[in-house]
file upload07.cif (mmCIF, C-alpha atoms)
data_structure
#
loop_
_atom_site.label_atom_id
_atom_site.label_comp_id
_atom_site.auth_asym_id
_atom_site.auth_seq_id
_atom_site.Cartn_x
_atom_site.Cartn_y
_atom_site.Cartn_z
CA MET A 1 0.00 0.00 0.00
CA ALA A 2 1.17 3.53 -0.79
CA ALA A 3 2.05 5.77 2.16
CA VAL A 4 -0.49 8.42 3.14
CA TRP A 5 0.94 11.93 3.41
CA CYS A 6 -0.35 14.13 6.23
CA ASN A 7 0.44 17.74 7.09
CA THR A 8 0.68 17.05 10.81
CA LEU A 9 2.38 14.45 12.97
CA VAL A 10 0.23 11.35 13.56
CA LYS A 11 1.06 8.13 15.38
CA GLU A 12 -0.52 5.94 12.76
CA ALA A 13 -2.00 6.45 9.30
CA GLN A 14 -3.75 3.55 7.65
CA SER A 15 -3.83 3.65 3.86
CA THR A 16 -7.23 2.77 2.45
CA ILE A 17 -8.90 2.91 -0.95
CA TRP A 18 -10.81 5.98 0.30
CA ALA A 19 -7.62 7.83 1.16
CA PHE A 20 -6.12 6.83 -2.19
CA ASN A 21 -9.14 8.19 -4.07
CA ILE A 22 -9.09 11.50 -2.18
CA LEU A 23 -5.38 12.05 -2.72
CA ASN A 24 -5.55 11.12 -6.41
CA MET A 25 -8.81 12.75 -7.45
CA PRO A 26 -8.64 14.86 -10.64
CA ARG A 27 -8.08 18.54 -9.94
CA LEU A 28 -10.03 21.41 -11.40
CA ALA A 29 -8.44 22.95 -14.50
CA VAL A 30 -7.16 26.52 -14.15
CA ILE A 31 -7.84 28.72 -17.18
CA GLY A 32 -5.95 31.99 -17.37
CA ILE A 33 -7.75 35.11 -18.60
CA PRO A 34 -5.45 38.02 -19.55
CA ALA A 35 -6.98 41.22 -18.19
CA ASP A 36 -7.78 44.55 -19.77
CA ARG A 37 -6.07 47.54 -18.14
CA ARG A 38 -8.76 50.19 -17.92
CA LEU A 39 -8.96 53.63 -16.33
CA CYS A 40 -11.95 53.79 -13.96
CA GLY A 41 -12.27 57.21 -12.41
CA LYS A 42 -8.75 58.25 -11.43
CA HIS A 43 -7.31 54.75 -11.05
CA TYR A 44 -6.35 51.92 -13.38
CA PHE A 45 -7.92 48.49 -12.89
CA HIS A 46 -7.10 45.08 -14.35
CA MET A 47 -10.40 43.47 -15.26
CA ALA A 48 -12.27 40.81 -17.23
CA GLY A 49 -15.96 40.69 -18.12
CA GLU A 50 -18.24 38.56 -15.99
CA LYS A 51 -19.75 36.82 -19.04
CA TYR A 52 -16.33 35.27 -19.82
CA ILE A 53 -15.79 34.24 -16.21
CA GLU A 54 -19.24 32.63 -16.13
CA ALA A 55 -18.59 30.75 -19.38
CA ILE A 56 -15.36 29.33 -17.94
CA THR A 57 -16.88 28.46 -14.57
CA ALA A 58 -20.19 26.97 -15.74
CA GLY A 59 -19.41 26.10 -19.37
CA ALA A 60 -15.83 24.82 -19.24
CA LYS A 61 -16.21 23.62 -15.63
CA ALA A 62 -12.89 25.23 -14.77
CA LEU A 63 -11.39 27.80 -12.41
CA PRO A 64 -10.78 31.23 -14.02
CA LEU A 65 -7.53 32.96 -13.08
CA LEU A 66 -7.09 36.63 -13.95
CA ILE A 67 -3.68 37.42 -15.49
CA PRO A 68 -2.75 41.08 -14.92
CA ALA A 69 -1.75 43.10 -17.97
CA LEU A 70 1.79 43.83 -16.81
CA GLY A 71 3.59 43.35 -20.11
CA SER A 72 7.29 42.61 -19.71
CA GLU A 73 6.96 42.76 -15.91
CA ILE A 74 5.08 39.45 -15.80
CA ASP A 75 6.97 36.17 -15.77
CA LEU A 76 5.48 34.23 -18.67
CA PRO A 77 6.98 30.82 -17.75
CA SER A 78 5.32 31.10 -14.34
CA VAL A 79 1.99 31.97 -15.97
CA LEU A 80 2.23 28.95 -18.26
CA GLU A 81 3.11 26.72 -15.33
CA ALA A 82 0.14 27.95 -13.30
CA CYS A 83 -2.46 27.58 -16.07
CA ASP A 84 -4.00 24.61 -17.86
CA GLY A 85 -5.71 26.70 -20.53
CA LEU A 86 -5.91 30.26 -21.83
CA LEU A 87 -8.97 32.36 -22.72
CA LEU A 88 -8.48 35.60 -24.65
CA THR A 89 -11.54 37.81 -24.27
CA GLY A 90 -13.21 40.48 -26.33
CA SER A 91 -12.73 44.12 -25.38
CA ALA A 92 -13.65 47.65 -26.44
CA SER A 93 -9.98 48.28 -27.20
CA ASN A 94 -8.13 47.50 -30.43
CA VAL A 95 -4.67 46.04 -30.94
CA GLU A 96 -2.29 48.93 -31.60
CA PRO A 97 -1.67 49.00 -35.38
CA HIS A 98 2.09 49.41 -35.05
CA ARG A 99 2.05 45.80 -33.78
CA TYR A 100 1.24 44.59 -37.31
CA GLY A 101 2.58 47.43 -39.47
CA GLY A 102 -0.82 49.02 -40.04
CA PRO A 103 -1.67 52.71 -40.50
CA ALA A 104 -2.38 54.89 -37.49
CA SER A 105 -5.79 54.45 -35.88
CA GLU A 106 -8.60 56.96 -36.25
CA PRO A 107 -8.53 59.62 -33.49
CA GLY A 108 -10.37 58.47 -30.38
CA THR A 109 -9.72 54.74 -30.93
CA LEU A 110 -9.31 52.94 -27.61
CA HIS A 111 -6.07 50.99 -27.22
CA ASP A 112 -4.63 48.85 -24.43
CA PRO A 113 -0.85 48.66 -24.91
CA ASN A 114 -0.41 46.79 -21.62
CA ARG A 115 -2.69 44.01 -22.78
CA ASP A 116 -0.92 43.87 -26.17
CA ALA A 117 2.44 43.60 -24.41
CA THR A 118 1.11 40.75 -22.28
CA THR A 119 -0.86 38.66 -24.76
CA LEU A 120 1.14 38.91 -27.98
CA PRO A 121 4.20 37.10 -26.57
CA LEU A 122 2.02 34.85 -24.37
CA ILE A 123 -0.20 33.36 -27.09
CA PRO A 124 2.38 31.48 -29.21
CA ARG A 125 4.22 30.33 -26.08
CA ALA A 126 0.98 28.94 -24.63
CA VAL A 127 0.21 27.04 -27.83
CA ALA A 128 3.78 25.71 -28.05
CA ALA A 129 3.54 24.57 -24.42
CA GLY A 130 0.41 22.57 -25.20
CA LEU A 131 -2.11 24.75 -23.36
CA PRO A 132 -5.59 24.77 -24.89
CA VAL A 133 -6.32 28.29 -26.16
CA LEU A 134 -9.68 29.89 -26.98
CA ALA A 135 -9.62 33.44 -28.40
CA ILE A 136 -12.76 35.56 -28.78
CA CYS A 137 -13.25 38.83 -30.75
CA ARG A 138 -10.33 41.06 -29.68
CA GLY A 139 -8.59 37.88 -28.60
CA PHE A 140 -9.15 36.47 -32.09
CA GLN A 141 -7.61 39.60 -33.59
CA GLU A 142 -4.59 39.63 -31.28
CA MET A 143 -4.04 35.92 -31.89
CA ASN A 144 -3.88 36.65 -35.62
CA VAL A 145 -1.38 39.45 -34.97
CA ALA A 146 0.67 37.22 -32.63
CA TYR A 147 1.18 34.84 -35.57
CA GLY A 148 2.23 37.59 -37.97
CA GLY A 149 -1.16 38.47 -39.47
CA THR A 150 -2.66 41.90 -40.16
CA LEU A 151 -6.05 43.52 -39.56
CA HIS A 152 -8.60 45.70 -41.33
CA GLN A 153 -9.30 48.44 -38.79
CA ARG A 154 -12.63 49.55 -40.31
CA LEU A 155 -14.04 46.51 -42.04
CA HIS A 156 -17.30 48.25 -42.99
CA GLU A 157 -15.33 50.66 -45.20
CA VAL A 158 -13.66 47.88 -47.22
CA PRO A 159 -15.49 47.29 -50.54
CA GLY A 160 -17.21 43.92 -50.76
CA PHE A 161 -17.73 43.37 -47.01
CA ILE A 162 -20.97 43.76 -45.12
CA ASP A 163 -21.23 45.89 -41.99
CA HIS A 164 -20.26 43.60 -39.10
CA ARG A 165 -20.85 46.23 -36.39
CA ASP A 166 -23.64 46.18 -33.83
CA ASP A 167 -26.02 49.05 -33.07
CA GLU A 168 -24.90 50.28 -29.65
CA SER A 169 -28.14 52.21 -29.18
CA GLN A 170 -30.04 48.92 -28.92
CA PRO A 171 -30.47 46.73 -25.81
CA LEU A 172 -27.76 44.12 -25.23
CA ASP A 173 -30.04 41.25 -26.27
CA VAL A 174 -30.40 42.96 -29.66
CA GLN A 175 -26.70 43.83 -29.99
CA TYR A 176 -25.74 40.23 -29.25
CA GLY A 177 -28.63 38.75 -31.23
CA PRO A 178 -28.26 36.61 -34.39
CA ALA A 179 -26.64 38.65 -37.18
CA HIS A 180 -25.47 36.37 -39.99
CA GLU A 181 -24.41 32.83 -40.80
CA VAL A 182 -20.88 31.48 -40.84
CA LEU A 183 -19.87 28.68 -43.17
CA LEU A 184 -17.69 26.08 -41.46
CA GLU A 185 -14.77 24.44 -43.23
CA PRO A 186 -15.63 20.80 -44.02
CA GLY A 187 -13.67 18.44 -41.78
CA GLY A 188 -12.31 21.29 -39.68
CA ALA A 189 -11.98 21.25 -35.90
CA LEU A 190 -14.84 23.72 -35.48
CA GLN A 191 -17.13 21.76 -37.78
CA LYS A 192 -16.53 18.66 -35.70
CA ILE A 193 -17.55 20.50 -32.53
CA ALA A 194 -20.62 22.02 -34.20
CA GLY A 195 -21.73 18.87 -35.99
CA ALA A 196 -23.10 21.13 -38.73
CA ALA A 197 -22.00 22.89 -41.90
CA ARG A 198 -23.06 26.38 -40.80
CA LEU A 199 -23.98 28.40 -37.74
CA THR A 200 -25.88 31.62 -37.10
CA VAL A 201 -23.78 33.97 -34.98
CA ASN A 202 -23.76 37.46 -33.50
CA SER A 203 -21.54 40.20 -34.92
CA LEU A 204 -20.09 43.11 -32.92
CA HIS A 205 -16.79 44.02 -34.52
CA TRP A 206 -15.25 46.86 -36.50
CA GLN A 207 -11.99 45.08 -37.22
CA GLY A 208 -11.35 41.88 -39.15
CA VAL A 209 -8.58 39.70 -40.51
CA ASP A 210 -6.76 41.19 -43.50
CA ARG A 211 -3.83 38.78 -43.88
CA LEU A 212 -4.15 35.52 -41.96
CA GLY A 213 -1.28 34.79 -39.59
CA ASN A 214 1.41 32.21 -40.33
CA GLY A 215 0.44 28.67 -39.39
CA LEU A 216 -3.27 29.45 -38.95
CA SER A 217 -6.03 27.54 -40.77
CA VAL A 218 -9.42 29.00 -41.63
CA GLU A 219 -12.25 27.29 -39.75
CA ALA A 220 -15.20 29.52 -40.73
CA ARG A 221 -16.11 32.45 -42.99
CA ALA A 222 -19.00 34.90 -43.15
CA PRO A 223 -21.02 34.92 -46.40
CA ASP A 224 -18.98 37.94 -47.57
CA GLY A 225 -15.74 35.96 -47.16
CA VAL A 226 -14.53 37.55 -43.92
CA ILE A 227 -12.63 35.01 -41.80
CA GLU A 228 -14.72 34.34 -38.69
CA ALA A 229 -12.71 31.52 -37.09
CA PHE A 230 -9.32 29.87 -37.35
CA SER A 231 -7.20 27.25 -35.62
CA VAL A 232 -3.45 26.79 -35.19
CA THR A 233 -2.53 24.25 -37.85
CA ASP A 234 0.20 22.34 -36.02
CA SER A 235 -1.09 22.78 -32.48
CA ARG A 236 -1.02 19.63 -30.36
CA ASN A 237 -4.05 20.77 -28.39
CA PHE A 238 -7.26 22.80 -28.68
CA SER A 239 -6.27 26.19 -30.22
CA MET A 240 -9.13 28.17 -31.68
CA GLY A 241 -9.99 31.79 -32.47
CA LEU A 242 -13.55 33.05 -33.08
CA GLN A 243 -14.57 36.52 -34.23
CA TRP A 244 -18.06 36.30 -32.71
CA HIS A 245 -19.11 36.06 -29.05
CA PRO A 246 -20.02 32.49 -28.00
CA GLU A 247 -19.78 33.46 -24.32
CA TRP A 248 -22.93 35.60 -24.52
CA GLN A 249 -25.71 33.59 -22.82
CA PHE A 250 -23.75 30.49 -23.83
CA ALA A 251 -26.05 28.10 -21.98
CA LYS A 252 -28.90 28.91 -24.38
CA ASP A 253 -26.93 28.00 -27.51
CA PRO A 254 -26.09 24.33 -28.32
CA PHE A 255 -22.91 25.19 -30.21
CA SER A 256 -21.61 27.53 -27.49
CA ARG A 257 -22.23 24.86 -24.85
CA ALA A 258 -20.35 22.31 -26.96
CA LEU A 259 -17.48 24.74 -27.59
CA PHE A 260 -16.86 25.59 -23.93
CA ALA A 261 -17.31 21.94 -22.96
CA ALA A 262 -14.63 20.91 -25.48
CA PHE A 263 -12.31 23.67 -24.24
CA GLY A 264 -12.89 22.60 -20.64
CA THR A 265 -12.28 18.93 -21.44
CA ALA A 266 -8.97 19.73 -23.14
CA SER A 267 -7.91 21.89 -20.18
CA ARG A 268 -8.83 19.21 -17.63
CA GLN A 269 -6.88 16.60 -19.55
CA ARG A 270 -3.83 18.80 -19.45
CA ALA A 271 -4.38 19.56 -15.76
CA ASN A 272 -4.38 15.88 -14.98
CA GLY A 273 -1.31 14.75 -16.81
CA ALA A 274 -1.95 14.79 -20.58
CA ARG A 275 0.83 17.20 -21.61
#
call {"tool": "encode", "arguments": {"input": "upload07.cif", "output": "structure tokens"}}
result
Amino acid sequence: MAAVWCNTLVKEAQSTIWAFNILNMPRLAVIGIPADRRLCGKHYFHMAGEKYIEAITAGAKALPLLIPALGSEIDLPSVLEACDGLLLTGSASNVEPHRYGGPASEPGTLHDPNRDATTLPLIPRAVAAGLPVLAICRGFQEMNVAYGGTLHQRLHEVPGFIDHRDDESQPLDVQYGPAHEVLLEPGGALQKIAGAARLTVNSLHWQGVDRLGNGLSVEARAPDGVIEAFSVTDSRNFSMGLQWHPEWQFAKDPFSRALFAAFGTASRQRANGAR
């Protein structure tokens, strides 16, 4: 029988099947969420939206861990060691265009250089380390940039593309309501999760993929051809980017439930030894 470890001195410890099961039970996966750095009043806060936290907790059945946007001040190897998965959230801010050689942003565009400095080096290292990665909206865009891709900053002004923006004057249920279909790549990782050839999704973005990053494979397109999802071609684990927002009321949507369940399963497997 294996010895039973205790954190206090005992005269006798009898190893039983119950003790073995307790000591060897699977642990909850920890999914890191890089934060936005946002000025609230006179102070800066590192924050993540509750809808993402809820999707990780209830959808992926994992423990969310906020990663502060400290840029070069954060120790990336320690972050990778602490996490079993990585979720890159949407945000009101845009990736700074100098990160991908793009023209200067329109005046008044919100940027978050601290988040860029944290996520852009973190993303490829997380994928290379075998962490499951799910990137949503801004996360999708920064993942493309992290792999050498470029972005359209104002997609609605590019000839041939539909307007992918939401109407911010409408209630949230309308803003996040069904907007258009996406066509899934046959045999792709996303198509296997969806079990369908197409999905109807929401659409709340100004930016979009211009040049796809190196080593990324298209997983879905909008009817106008805009890339709506991709995966990392040679990744040894779940590595997916989506332009839409599956976290919004995810429990009501069969595909969103399946997506977060698959992400959670991959993260738990890594947490419990499958590296």
call {"tool": "resolve_selection", "arguments": {"input": "upload07.cif", "expression": "the PyMOL selection byres ((chain A and resi 234) around 10)", "output": "short mmCIF file (atom, residue, chain, number, x, y, z; two decimals) with C-alpha atoms, keeping the file's coordinate frame"}}
result
data_model
loop_
_atom_site.label_atom_id
_atom_site.label_comp_id
_atom_site.auth_asym_id
_atom_site.auth_seq_id
_atom_site.Cartn_x
_atom_site.Cartn_y
_atom_site.Cartn_z
CA VAL A 127 0.21 27.04 -27.83
CA ALA A 128 3.78 25.71 -28.05
CA GLY A 215 0.44 28.67 -39.39
CA LEU A 216 -3.27 29.45 -38.95
CA SER A 217 -6.03 27.54 -40.77
CA SER A 231 -7.20 27.25 -35.62
CA VAL A 232 -3.45 26.79 -35.19
CA THR A 233 -2.53 24.25 -37.85
CA SER A 235 -1.09 22.78 -32.48
CA ARG A 236 -1.02 19.63 -30.36
CA ASN A 237 -4.05 20.77 -28.39
CA SER A 239 -6.27 26.19 -30.22
#
call {"tool": "closest_atom_pairs", "arguments": {"input": "upload07.cif", "of": "region 21-99 of chain A", "to": "region 106-125 of chain A", "cutoff": "6 Å", "atoms": "all atoms listed in the file", "output": "CSV"}}
result
residue,atom,partner,partner_atom,distance
A:Asp36,CA,A:Arg115,CA,5.9
A:Ala69,CA,A:Arg115,CA,5.0
A:Gly71,CA,A:Thr118,CA,4.2
A:Ser93,CA,A:Leu110,CA,4.7
A:Asn94,CA,A:His111,CA,5.2
call {"tool": "write_last_selection", "arguments": {"input": "upload07.cif", "atoms": "C-alpha atoms", "output": "mmCIF file, in the frame of the given file"}}
result
data_model
loop_
_atom_site.group_PDB
_atom_site.id
_atom_site.type_symbol
_atom_site.label_atom_id
_atom_site.label_comp_id
_atom_site.auth_asym_id
_atom_site.auth_seq_id
_atom_site.Cartn_x
_atom_site.Cartn_y
_atom_site.Cartn_z
ATOM 1 C CA ASP A 36 -7.780 44.550 -19.770
ATOM 2 C CA ALA A 69 -1.750 43.100 -17.970
ATOM 3 C CA GLY A 71 3.590 43.350 -20.110
ATOM 4 C CA SER A 93 -9.980 48.280 -27.200
ATOM 5 C CA ASN A 94 -8.130 47.500 -30.430
#
call {"tool": "resolve_selection", "arguments": {"input": "upload07.cif", "expression": "the PyMOL selection byres ((chain A and resi 149-157) around 8)", "output": "list in words"}}
result
Tyr100, Gly101, Gly102, Ser105, Gln141, Asn144, Val145, Ala146, Tyr147, Gly148, Val158, Pro159, Phe161, Ile162, Asp163, His164, Arg165, Trp206, Gln207, Gly208, Val209, Asp210, Arg211, Leu212, Gly213 and Asn214 of chain A
call {"tool": "atom_distance", "arguments": {"input": "upload07.cif", "atom1": "CA of Pro178 (chain A)", "atom2": "CA of Leu204 (chain A)"}}
result
10.5 Å
call {"tool": "atom_distance", "arguments": {"input": "upload07.cif", "atom1": "CA of Ala266 (chain A)", "atom2": "CA of Pro132 (chain A)"}}
result
6.3 Å
call {"tool": "resolve_selection", "arguments": {"input": "upload07.cif", "expression": "the PyMOL selection byres ((chain A and resi 66) around 10)", "output": "list in words"}}
result
Ile31, Gly32, Ile33, Pro34, Ala35, Asp36, His46, Met47, Ala48, Ile53, Leu63, Pro64, Leu65, Ile67, Pro68, Ala69 and Leu87 of chain A
call {"tool": "closest_residue", "arguments": {"input": "upload07.cif", "among": "A:Ala189, A:Cys40, A:Leu88, A:Leu80", "to": "Ala135 (chain A)", "atoms": "all atoms listed in the file"}}
result
A:Leu88
call {"tool": "residues_around", "arguments": {"input": "upload07.cif", "residues": "Ala179 (chain A)", "least_positions_apart": "5", "cutoff": "10 Å", "atoms": "only C-alpha atoms", "output": "PyMOL selection string"}}
result
chain A and resi 164-166+174+200-204+244
call {"tool": "closest_residue", "arguments": {"input": "upload07.cif", "among": "A:Pro254, A:Pro171, A:Gly139, A:Pro223", "to": "Ala196 (chain A)", "atoms": "all atoms listed in the file"}}
result
A:Pro254
call {"tool": "closest_residue", "arguments": {"input": "upload07.cif", "among": "A:Ser169, A:Gln243, A:Gln269, A:Thr89", "to": "Ala55 (chain A)", "atoms": "all atoms listed in the file"}}
result
A:Thr89
